[in-house]
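The data block below is my_file-v2.cif; it holds mmCIF, C-alpha atoms (C1' of nucleotides).
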data_my_file
loop_
_atom_site.group_PDB
_atom_site.id
_atom_site.type_symbol
_atom_site.label_atom_id
_atom_site.label_comp_id
_atom_site.auth_asym_id
_atom_site.auth_seq_id
_atom_site.Cartn_x
_atom_site.Cartn_y
_atom_site.Cartn_z
ATOM 1 C CA MET A 236 0.000 0.000 0.000
ATOM 2 C CA ALA A 237 1.500 3.262 -1.070
ATOM 3 C CA LEU A 238 0.358 6.773 -0.505
ATOM 4 C CA THR A 239 -1.131 8.221 -3.689
ATOM 5 C CA GLU A 240 -2.888 11.465 -4.532
ATOM 6 C CA GLN A 241 -6.134 9.528 -4.604
ATOM 7 C CA THR A 242 -5.566 7.894 -1.204
ATOM 8 C CA VAL A 243 -4.660 11.218 0.361
ATOM 9 C CA ARG A 244 -7.759 12.831 -1.101
ATOM 10 C CA GLU A 245 -9.990 10.010 0.104
ATOM 11 C CA MET A 246 -8.593 10.301 3.609
ATOM 12 C CA TYR A 247 -9.119 14.025 3.719
ATOM 13 C CA ASP A 248 -12.635 13.875 2.297
ATOM 14 C CA ALA A 249 -13.633 11.177 4.787
ATOM 15 C CA MET A 250 -12.287 13.140 7.753
ATOM 16 C CA LEU A 251 -13.798 16.400 6.539
ATOM 17 C CA ALA A 252 -17.209 14.766 6.080
ATOM 18 C CA HIS A 253 -17.002 13.460 9.639
ATOM 19 C CA PHE A 254 -15.567 16.413 11.545
ATOM 20 C CA GLY A 255 -16.287 19.421 9.307
ATOM 21 C CA HIS A 256 -13.795 22.231 8.764
ATOM 22 C CA GLN A 257 -11.674 22.645 11.884
ATOM 23 C CA GLY A 258 -11.044 26.363 11.524
ATOM 24 C CA TRP A 259 -7.379 26.355 12.487
ATOM 25 C CA TRP A 260 -5.495 28.443 13.508
ATOM 26 C CA PRO A 261 -7.672 29.927 16.248
ATOM 27 C CA GLY A 262 -5.410 32.964 16.693
ATOM 28 C CA ASP A 263 -5.752 36.649 16.081
ATOM 29 C CA GLY A 264 -2.957 37.752 13.759
ATOM 30 C CA PRO A 265 0.444 36.313 12.868
ATOM 31 C CA LEU A 266 2.175 37.155 16.150
ATOM 32 C CA GLU A 267 -0.482 35.424 18.202
ATOM 33 C CA VAL A 268 -0.208 32.367 15.949
ATOM 34 C CA CYS A 269 3.568 32.263 16.484
ATOM 35 C CA VAL A 270 3.177 32.622 20.240
ATOM 36 C CA GLY A 271 0.464 29.957 20.264
ATOM 37 C CA ALA A 272 2.656 27.600 18.231
ATOM 38 C CA ILE A 273 5.383 27.778 20.875
ATOM 39 C CA LEU A 274 2.982 27.562 23.814
ATOM 40 C CA THR A 275 1.159 24.510 22.455
ATOM 41 C CA GLN A 276 4.271 22.353 22.420
ATOM 42 C CA ASN A 277 3.252 19.132 24.151
ATOM 43 C CA THR A 278 0.266 20.966 25.586
ATOM 44 C CA ASN A 279 -3.487 20.849 25.194
ATOM 45 C CA TRP A 280 -4.859 23.858 23.310
ATOM 46 C CA THR A 281 -7.336 24.779 26.051
ATOM 47 C CA ASN A 282 -4.373 25.476 28.353
ATOM 48 C CA VAL A 283 -2.722 27.558 25.647
ATOM 49 C CA GLU A 284 -5.852 29.680 25.312
ATOM 50 C CA LYS A 285 -5.637 30.634 28.975
ATOM 51 C CA ALA A 286 -2.030 31.700 28.549
ATOM 52 C CA LEU A 287 -2.866 33.703 25.419
ATOM 53 C CA ALA A 288 -5.714 35.387 27.302
ATOM 54 C CA ASN A 289 -3.316 36.289 30.123
ATOM 55 C CA LEU A 290 -0.868 37.813 27.658
ATOM 56 C CA LYS A 291 -3.580 39.894 26.019
ATOM 57 C CA ALA A 292 -5.061 40.975 29.328
ATOM 58 C CA ALA A 293 -1.590 42.161 30.359
ATOM 59 C CA ASP A 294 -1.286 43.994 27.036
ATOM 60 C CA CYS A 295 1.660 41.790 26.119
ATOM 61 C CA MET A 296 0.604 40.500 22.719
ATOM 62 C CA SER A 297 2.990 42.694 20.755
ATOM 63 C CA VAL A 298 6.602 42.390 19.735
ATOM 64 C CA ALA A 299 7.545 45.444 21.796
ATOM 65 C CA ALA A 300 5.781 44.225 24.919
ATOM 66 C CA LEU A 301 7.125 40.688 24.640
ATOM 67 C CA ASN A 302 10.577 42.146 24.253
ATOM 68 C CA ALA A 303 10.212 44.465 27.212
ATOM 69 C CA ILE A 304 8.677 42.095 29.735
ATOM 70 C CA GLU A 305 11.026 40.412 32.189
ATOM 71 C CA LEU A 306 11.434 36.661 31.858
ATOM 72 C CA PRO A 307 9.878 35.765 35.247
ATOM 73 C CA ALA A 308 6.852 37.958 34.549
ATOM 74 C CA LEU A 309 6.414 36.386 31.129
ATOM 75 C CA ALA A 310 6.690 32.912 32.659
ATOM 76 C CA GLU A 311 4.005 33.796 35.163
ATOM 77 C CA LEU A 312 1.608 34.950 32.449
ATOM 78 C CA ILE A 313 2.008 31.759 30.444
ATOM 79 C CA ARG A 314 1.916 29.440 33.453
ATOM 80 C CA PRO A 315 -1.377 27.739 32.437
ATOM 81 C CA ALA A 316 0.297 26.417 29.264
ATOM 82 C CA GLY A 317 2.762 24.357 31.296
ATOM 83 C CA TYR A 318 6.557 24.214 30.927
ATOM 84 C CA PHE A 319 6.315 27.928 31.570
ATOM 85 C CA ASN A 320 9.987 28.583 32.331
ATOM 86 C CA VAL A 321 11.123 26.784 29.198
ATOM 87 C CA LYS A 322 8.466 28.349 27.001
ATOM 88 C CA ALA A 323 9.155 31.858 28.331
ATOM 89 C CA ARG A 324 12.775 31.457 27.186
ATOM 90 C CA ARG A 325 11.618 30.103 23.825
ATOM 91 C CA LEU A 326 9.298 33.048 23.295
ATOM 92 C CA LYS A 327 12.135 35.415 24.174
ATOM 93 C CA ASN A 328 14.425 33.626 21.709
ATOM 94 C CA PHE A 329 11.854 33.983 18.962
ATOM 95 C CA ILE A 330 11.203 37.659 19.691
ATOM 96 C CA ALA A 331 14.930 38.376 19.867
ATOM 97 C CA ARG A 332 15.538 36.885 16.412
ATOM 98 C CA LEU A 333 12.549 38.702 14.997
ATOM 99 C CA ARG A 334 13.837 41.994 16.328
ATOM 100 C CA GLU A 335 17.401 41.368 15.172
ATOM 101 C CA THR A 336 16.288 40.736 11.618
ATOM 102 C CA HIS A 337 13.078 42.724 11.136
ATOM 103 C CA GLY A 338 12.533 44.965 14.136
ATOM 104 C CA ASP A 339 8.919 44.641 15.191
ATOM 105 C CA ASP A 340 7.745 43.749 11.675
ATOM 106 C CA ILE A 341 6.368 40.236 12.110
ATOM 107 C CA ARG A 342 4.861 40.225 8.622
ATOM 108 C CA GLY A 343 8.197 41.188 7.106
ATOM 109 C CA PHE A 344 9.853 38.383 9.043
ATOM 110 C CA LEU A 345 7.351 35.851 7.712
ATOM 111 C CA ASP A 346 7.277 37.196 4.155
ATOM 112 C CA ARG A 347 9.842 35.045 2.342
ATOM 113 C CA PRO A 348 9.962 31.657 0.664
ATOM 114 C CA ALA A 349 8.862 28.823 2.922
ATOM 115 C CA ALA A 350 12.217 27.046 2.666
ATOM 116 C CA THR A 351 14.294 29.997 3.861
ATOM 117 C CA LEU A 352 11.760 30.891 6.546
ATOM 118 C CA ARG A 353 11.871 27.304 7.777
ATOM 119 C CA GLU A 354 15.649 27.381 7.908
ATOM 120 C CA GLU A 355 15.611 30.559 9.965
ATOM 121 C CA LEU A 356 12.929 29.300 12.338
ATOM 122 C CA LEU A 357 14.757 26.005 12.910
ATOM 123 C CA SER A 358 17.894 27.915 13.838
ATOM 124 C CA ILE A 359 16.061 29.518 16.771
ATOM 125 C CA SER A 360 16.481 27.562 20.001
ATOM 126 C CA GLY A 361 13.113 26.210 21.060
ATOM 127 C CA ILE A 362 11.605 25.943 17.586
ATOM 128 C CA GLY A 363 11.642 22.468 16.114
ATOM 129 C CA ARG A 364 10.126 21.070 12.947
ATOM 130 C CA GLU A 365 6.522 20.941 14.015
ATOM 131 C CA THR A 366 6.538 24.398 15.549
ATOM 132 C CA ALA A 367 8.337 25.844 12.516
ATOM 133 C CA ASP A 368 5.899 24.250 10.108
ATOM 134 C CA SER A 369 2.927 25.420 12.167
ATOM 135 C CA ILE A 370 4.242 28.976 11.964
ATOM 136 C CA ILE A 371 4.913 28.713 8.218
ATOM 137 C CA LEU A 372 1.476 27.298 7.495
ATOM 138 C CA TYR A 373 -0.759 29.151 9.926
ATOM 139 C CA ALA A 374 1.090 32.441 10.466
ATOM 140 C CA ALA A 375 2.901 32.946 7.146
ATOM 141 C CA GLY A 376 0.158 31.279 5.093
ATOM 142 C CA LYS A 377 2.466 29.133 3.001
ATOM 143 C CA CYS A 378 1.942 25.504 2.023
ATOM 144 C CA THR A 379 3.971 23.211 4.265
ATOM 145 C CA PHE A 380 2.661 20.039 5.870
ATOM 146 C CA VAL A 381 2.656 19.994 9.660
ATOM 147 C CA VAL A 382 3.443 16.466 10.789
ATOM 148 C CA ASP A 383 2.657 15.443 14.328
ATOM 149 C CA ALA A 384 2.431 12.239 16.336
ATOM 150 C CA TYR A 385 -1.174 11.711 15.236
ATOM 151 C CA THR A 386 -0.298 12.104 11.569
ATOM 152 C CA ALA A 387 2.413 9.482 11.867
ATOM 153 C CA ARG A 388 0.214 7.109 13.855
ATOM 154 C CA VAL A 389 -2.751 7.347 11.490
ATOM 155 C CA LEU A 390 -0.563 6.822 8.418
ATOM 156 C CA PHE A 391 1.292 3.974 10.093
ATOM 157 C CA ARG A 392 -1.872 2.169 11.147
ATOM 158 C CA HIS A 393 -3.093 2.455 7.552
ATOM 159 C CA ARG A 394 0.190 0.969 6.371
ATOM 160 C CA LEU A 395 0.978 4.084 4.357
ATOM 161 C CA ILE A 396 4.355 4.662 6.052
ATOM 162 C CA ASP A 397 6.800 2.394 7.896
ATOM 163 C CA ALA A 398 7.323 2.596 11.610
ATOM 164 C CA GLU A 399 10.756 4.158 11.027
ATOM 165 C CA ALA A 400 9.536 7.007 8.787
ATOM 166 C CA ASP A 401 10.878 10.255 10.191
ATOM 167 C CA TYR A 402 9.364 13.731 10.176
ATOM 168 C CA GLU A 403 10.884 14.928 6.912
ATOM 169 C CA THR A 404 10.007 11.692 5.117
ATOM 170 C CA ILE A 405 6.347 11.903 6.135
ATOM 171 C CA LYS A 406 6.207 15.595 5.264
ATOM 172 C CA GLU A 407 7.697 14.997 1.798
ATOM 173 C CA LEU A 408 5.370 12.094 1.182
ATOM 174 C CA LEU A 409 2.262 14.115 1.952
ATOM 175 C CA GLU A 410 3.409 17.238 0.136
ATOM 176 C CA SER A 411 4.260 15.284 -2.996
ATOM 177 C CA ASN A 412 0.716 13.929 -3.086
ATOM 178 C CA LEU A 413 -1.148 17.146 -2.401
ATOM 179 C CA PRO A 414 -2.085 20.041 -4.671
ATOM 180 C CA GLU A 415 -0.649 23.449 -3.689
ATOM 181 C CA ASP A 416 -3.842 24.448 -1.905
ATOM 182 C CA LEU A 417 -3.368 26.469 1.265
ATOM 183 C CA GLY A 418 -6.858 25.745 2.550
ATOM 184 C CA LEU A 419 -6.274 22.026 2.103
ATOM 185 C CA PHE A 420 -2.898 22.085 3.877
ATOM 186 C CA ASN A 421 -4.409 24.181 6.626
ATOM 187 C CA ASP A 422 -7.339 21.893 7.348
ATOM 188 C CA PHE A 423 -5.656 18.561 6.630
ATOM 189 C CA HIS A 424 -3.326 18.780 9.620
ATOM 190 C CA ALA A 425 -6.253 19.766 11.834
ATOM 191 C CA GLN A 426 -8.261 16.786 10.569
ATOM 192 C CA PHE A 427 -5.405 14.428 11.439
ATOM 193 C CA VAL A 428 -5.403 15.841 14.944
ATOM 194 C CA ALA A 429 -9.176 15.414 15.196
ATOM 195 C CA VAL A 430 -9.159 11.808 14.033
ATOM 196 C CA GLY A 431 -6.084 11.067 16.132
ATOM 197 C CA LYS A 432 -7.589 12.494 19.310
ATOM 198 C CA THR A 433 -10.917 10.779 18.843
ATOM 199 C CA TYR A 434 -10.080 7.402 17.358
ATOM 200 C CA CYS A 435 -6.393 6.763 16.701
ATOM 201 C CA ARG A 436 -5.096 6.653 20.251
ATOM 202 C CA PRO A 437 -2.285 4.439 21.495
ATOM 203 C CA SER A 438 -5.199 2.114 22.299
ATOM 204 C CA PRO A 439 -7.228 2.532 19.115
ATOM 205 C CA ARG A 440 -11.004 2.701 19.021
ATOM 206 C CA CYS A 441 -11.716 2.342 15.339
ATOM 207 C CA ALA A 442 -15.491 1.968 15.554
ATOM 208 C CA GLY A 443 -17.020 5.032 13.930
ATOM 209 C CA CYS A 444 -13.709 6.395 12.679
ATOM 210 C CA PRO A 445 -14.118 8.125 9.303
ATOM 211 C CA LEU A 446 -11.152 6.091 8.056
ATOM 212 C CA GLU A 447 -12.545 2.792 9.317
ATOM 213 C CA GLU A 448 -13.524 1.678 5.809
ATOM 214 C CA MET A 449 -10.011 2.239 4.486
ATOM 215 C CA PRO A 450 -7.468 -0.581 4.860
ATOM 216 C CA HIS A 451 -5.961 -0.382 8.328
ATOM 217 C CA ASP A 452 -4.369 -2.372 11.122
ATOM 218 C CA PRO A 453 -5.556 -1.218 14.540
ATOM 219 C CA ALA A 454 -2.860 -3.251 16.308
ATOM 220 C CA ALA A 455 0.015 -1.509 14.519
ATOM 221 C CA GLY A 456 2.104 0.359 17.041
ATOM 222 C CA THR A 457 0.355 -1.116 20.059
ATOM 223 C CA GLU A 458 1.467 -3.708 22.573
ATOM 224 C CA GLU A 459 -0.583 -6.324 20.753
ATOM 225 C CA ALA A 460 1.220 -5.754 17.473
ATOM 226 C "C1'" DG B 123 -4.234 8.588 40.411
ATOM 227 C "C1'" DA B 124 -2.640 7.704 35.881
ATOM 228 C "C1'" DC B 125 -2.515 9.281 31.496
ATOM 229 C "C1'" DC B 126 -2.485 12.517 27.919
ATOM 230 C "C1'" DA B 127 -1.906 16.969 25.330
ATOM 231 C "C1'" DG B 128 -1.164 20.339 18.463
ATOM 232 C "C1'" DG B 129 7.689 19.248 21.441
ATOM 233 C "C1'" DC B 130 12.177 20.499 22.208
ATOM 234 C "C1'" DA B 131 16.899 20.698 24.166
ATOM 235 C "C1'" DC B 132 20.332 18.494 26.302
ATOM 236 C "C1'" DA B 133 23.043 14.614 28.290
ATOM 237 C "C1'" DT B 134 24.523 10.250 27.605
ATOM 238 C "C1'" DC B 135 25.667 6.123 25.343
ATOM 239 C "C1'" DG C 21 22.974 8.848 15.488
ATOM 240 C "C1'" DA C 22 19.749 6.861 18.697
ATOM 241 C "C1'" DT C 23 17.752 6.918 23.132
ATOM 242 C "C1'" DG C 24 16.416 8.798 27.694
ATOM 243 C "C1'" DT C 25 15.098 12.594 30.558
ATOM 244 C "C1'" DG C 26 13.477 17.189 32.234
ATOM 245 C "C1'" DC C 27 10.223 20.547 31.634
ATOM 246 C "C1'" DA C 28 4.716 21.376 34.275
ATOM 247 C "C1'" DT C 29 -0.129 22.457 33.791
ATOM 248 C "C1'" DG C 30 -5.058 21.115 33.489
ATOM 249 C "C1'" DG C 31 -8.593 17.964 31.575
ATOM 250 C "C1'" DT C 32 -10.349 13.198 31.284
#
Written as structure tokens, how would this file's structure read?
Amino acid sequence: MALTEQTVREMYDAMLAHFGHQGWWPGDGPLEVCVGAILTQNTNWTNVEKALANLKAADCMSVAALNAIELPALAELIRPAGYFNVKARRLKNFIARLRETHGDDIRGFLDRPAATLREELLSISGIGRETADSIILYAAGKCTFVVDAYTARVLFRHRLIDAEADYETIKELLESNLPEDLGLFNDFHAQFVAVGKTYCRPSPRCAGCPLEEMPHDPAAGTEEA
DNA sequence: GACCAGGCACATC
DNA sequence: GATGTGCATGGT
């Protein structure tokens, strides 16, 4: 079983029919999307929303304010998102690079080819592949596939990738089978998260999954496998 | 109370 | 280069 344009389309259509458009990214403007992308690392979105609300309430959702605020105060504001000391440093790293290269012009920072933007983002401490791709897709509005644990698990259980497939391999595979459609890239990742959260857990519950009719192996990647 | 959530950096082997 | 560990909260 290989991933084809048709398979990818069928998966997306099935998930979309089941869950509807997911409406990602739930952020107000490119800076908030970037901040949210860092705060959501290994963290449930509902916790991120509380941290974002704190930042806005403290009038800190701007490049200037995020630059000016002291690290401990920033950490305190983002506490609900967890890992607050680490994430406060990561936010500071991001803001520092932004200011070094483009002052407070977040749009100018994001406005360049996806490949060079990705390279720059990955060179910032605290921004890995998934966070970089989330920023490129949802803040910069450029087609790049955001791969996460759910994406890998769903594709693996459907025998569309091997267990060893790494991030870049999965990303390339999906991108090479998708039309350059920003709306599709945007919603596809969100659909993978939806199906992953609901059905494709470490202990799968395939009944009712929109992908249940497609060839799959629920035991793949579980203790029973 | 255990497990999970829209990861990443760093130490160690 | 692969693997293990720390970071930390809030919902289920």
For this session: List the neighbours of DG24 in chain C out to 12 Å using only C-alpha atoms (C1' of nucleotides); skip same-chain residues closer than 4 positions along the sequence, and give me the result as JSON, numbers by chain.
Result: {"B": [132, 133, 134, 135]}
Next, the residues of the selection above should be written as a compact mmCIF listing (two decimals), in the frame of the given file with C-alpha atoms (C1' of nucleotides).
# COMPACT_ATOMS: atom_id res chain seq x y z
C1' DC B 132 20.33 18.49 26.30
C1' DA B 133 23.04 14.61 28.29
C1' DT B 134 24.52 10.25 27.60
C1' DC B 135 25.67 6.12 25.34
Exercise. Given the file above and the PyMOL selection byres ((chain B) within 9 of (chain A)), which residues are selected, and can you give them as an NGL selection string?
Worked result: :B and (126-131)
Problem set entry | Residue list for chain A near chain C as a list in words, 6 Å, all atoms listed in the file | Pro315, Gly317 and Tyr318 of chain A
Take every atom of range 355-374 of chain A listed in the file, fit an axis-aligned box around them, add 3 Å per side, and give the centre and edge lengths in Å to one decimal as AutoDock Vina command-line options.
--center_x 8.6 --center_y 26.7 --center_z 14.3 --size_x 24.7 --size_y 17.5 --size_z 19.6
Kindly resolve the PyMOL selection byres ((chain A and resi 355) around 12) on the present coordinates and return the residues as a compact mmCIF listing (two decimals) with C-alpha atoms, keeping the file's coordinate frame.
# COMPACT_ATOMS: atom_id res chain seq x y z
CA PHE A 329 11.85 33.98 18.96
CA ARG A 332 15.54 36.88 16.41
CA LEU A 333 12.55 38.70 15.00
CA THR A 336 16.29 40.74 11.62
CA PHE A 344 9.85 38.38 9.04
CA LEU A 345 7.35 35.85 7.71
CA ARG A 347 9.84 35.04 2.34
CA PRO A 348 9.96 31.66 0.66
CA ALA A 349 8.86 28.82 2.92
CA ALA A 350 12.22 27.05 2.67
CA THR A 351 14.29 30.00 3.86
CA LEU A 352 11.76 30.89 6.55
CA ARG A 353 11.87 27.30 7.78
CA GLU A 354 15.65 27.38 7.91
CA LEU A 356 12.93 29.30 12.34
CA LEU A 357 14.76 26.00 12.91
CA SER A 358 17.89 27.92 13.84
CA ILE A 359 16.06 29.52 16.77
CA SER A 360 16.48 27.56 20.00
CA ILE A 362 11.60 25.94 17.59
CA GLY A 363 11.64 22.47 16.11
CA ARG A 364 10.13 21.07 12.95
CA ALA A 367 8.34 25.84 12.52
CA ASP A 368 5.90 24.25 10.11
CA ILE A 370 4.24 28.98 11.96
CA ILE A 371 4.91 28.71 8.22
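With CA of Ala374 in chain A on one side and CA of Pro261 in chain A on the other, the separation reads 10.8 Å.
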For this session: Figure out the distance between CA of Phe420 in chain A and CA of Ile330 in chain A, please, to one decimal in Å.
Result: 26.3 Å
Exercise. So what do you get for CA of Trp260 in chain A versus CA of Tyr373 in chain A, distance-wise?
Worked result: 6.0 Å
Save C-alpha atoms of range 303-406 of chain A from the block above as a short mmCIF file (atom, residue, chain, number, x, y, z; two decimals), in the first residue's frame.
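As a result, part-v5.cif now contains:
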data_model
loop_
_atom_site.label_atom_id
_atom_site.label_comp_id
_atom_site.auth_asym_id
_atom_site.auth_seq_id
_atom_site.Cartn_x
_atom_site.Cartn_y
_atom_site.Cartn_z
CA ALA A 303 10.21 44.46 27.21
CA ILE A 304 8.68 42.10 29.74
CA GLU A 305 11.03 40.41 32.19
CA LEU A 306 11.43 36.66 31.86
CA PRO A 307 9.88 35.77 35.25
CA ALA A 308 6.85 37.96 34.55
CA LEU A 309 6.41 36.39 31.13
CA ALA A 310 6.69 32.91 32.66
CA GLU A 311 4.01 33.80 35.16
CA LEU A 312 1.61 34.95 32.45
CA ILE A 313 2.01 31.76 30.44
CA ARG A 314 1.92 29.44 33.45
CA PRO A 315 -1.38 27.74 32.44
CA ALA A 316 0.30 26.42 29.26
CA GLY A 317 2.76 24.36 31.30
CA TYR A 318 6.56 24.21 30.93
CA PHE A 319 6.32 27.93 31.57
CA ASN A 320 9.99 28.58 32.33
CA VAL A 321 11.12 26.78 29.20
CA LYS A 322 8.47 28.35 27.00
CA ALA A 323 9.15 31.86 28.33
CA ARG A 324 12.77 31.46 27.19
CA ARG A 325 11.62 30.10 23.82
CA LEU A 326 9.30 33.05 23.29
CA LYS A 327 12.13 35.42 24.17
CA ASN A 328 14.43 33.63 21.71
CA PHE A 329 11.85 33.98 18.96
CA ILE A 330 11.20 37.66 19.69
CA ALA A 331 14.93 38.38 19.87
CA ARG A 332 15.54 36.88 16.41
CA LEU A 333 12.55 38.70 15.00
CA ARG A 334 13.84 41.99 16.33
CA GLU A 335 17.40 41.37 15.17
CA THR A 336 16.29 40.74 11.62
CA HIS A 337 13.08 42.72 11.14
CA GLY A 338 12.53 44.96 14.14
CA ASP A 339 8.92 44.64 15.19
CA ASP A 340 7.74 43.75 11.68
CA ILE A 341 6.37 40.24 12.11
CA ARG A 342 4.86 40.22 8.62
CA GLY A 343 8.20 41.19 7.11
CA PHE A 344 9.85 38.38 9.04
CA LEU A 345 7.35 35.85 7.71
CA ASP A 346 7.28 37.20 4.16
CA ARG A 347 9.84 35.04 2.34
CA PRO A 348 9.96 31.66 0.66
CA ALA A 349 8.86 28.82 2.92
CA ALA A 350 12.22 27.05 2.67
CA THR A 351 14.29 30.00 3.86
CA LEU A 352 11.76 30.89 6.55
CA ARG A 353 11.87 27.30 7.78
CA GLU A 354 15.65 27.38 7.91
CA GLU A 355 15.61 30.56 9.96
CA LEU A 356 12.93 29.30 12.34
CA LEU A 357 14.76 26.00 12.91
CA SER A 358 17.89 27.92 13.84
CA ILE A 359 16.06 29.52 16.77
CA SER A 360 16.48 27.56 20.00
CA GLY A 361 13.11 26.21 21.06
CA ILE A 362 11.61 25.94 17.59
CA GLY A 363 11.64 22.47 16.11
CA ARG A 364 10.13 21.07 12.95
CA GLU A 365 6.52 20.94 14.02
CA THR A 366 6.54 24.40 15.55
CA ALA A 367 8.34 25.84 12.52
CA ASP A 368 5.90 24.25 10.11
CA SER A 369 2.93 25.42 12.17
CA ILE A 370 4.24 28.98 11.96
CA ILE A 371 4.91 28.71 8.22
CA LEU A 372 1.48 27.30 7.50
CA TYR A 373 -0.76 29.15 9.93
CA ALA A 374 1.09 32.44 10.47
CA ALA A 375 2.90 32.95 7.15
CA GLY A 376 0.16 31.28 5.09
CA LYS A 377 2.47 29.13 3.00
CA CYS A 378 1.94 25.50 2.02
CA THR A 379 3.97 23.21 4.27
CA PHE A 380 2.66 20.04 5.87
CA VAL A 381 2.66 19.99 9.66
CA VAL A 382 3.44 16.47 10.79
CA ASP A 383 2.66 15.44 14.33
CA ALA A 384 2.43 12.24 16.34
CA TYR A 385 -1.17 11.71 15.24
CA THR A 386 -0.30 12.10 11.57
CA ALA A 387 2.41 9.48 11.87
CA ARG A 388 0.21 7.11 13.85
CA VAL A 389 -2.75 7.35 11.49
CA LEU A 390 -0.56 6.82 8.42
CA PHE A 391 1.29 3.97 10.09
CA ARG A 392 -1.87 2.17 11.15
CA HIS A 393 -3.09 2.45 7.55
CA ARG A 394 0.19 0.97 6.37
CA LEU A 395 0.98 4.08 4.36
CA ILE A 396 4.36 4.66 6.05
CA ASP A 397 6.80 2.39 7.90
CA ALA A 398 7.32 2.60 11.61
CA GLU A 399 10.76 4.16 11.03
CA ALA A 400 9.54 7.01 8.79
CA ASP A 401 10.88 10.25 10.19
CA TYR A 402 9.36 13.73 10.18
CA GLU A 403 10.88 14.93 6.91
CA THR A 404 10.01 11.69 5.12
CA ILE A 405 6.35 11.90 6.14
CA LYS A 406 6.21 15.59 5.26
#
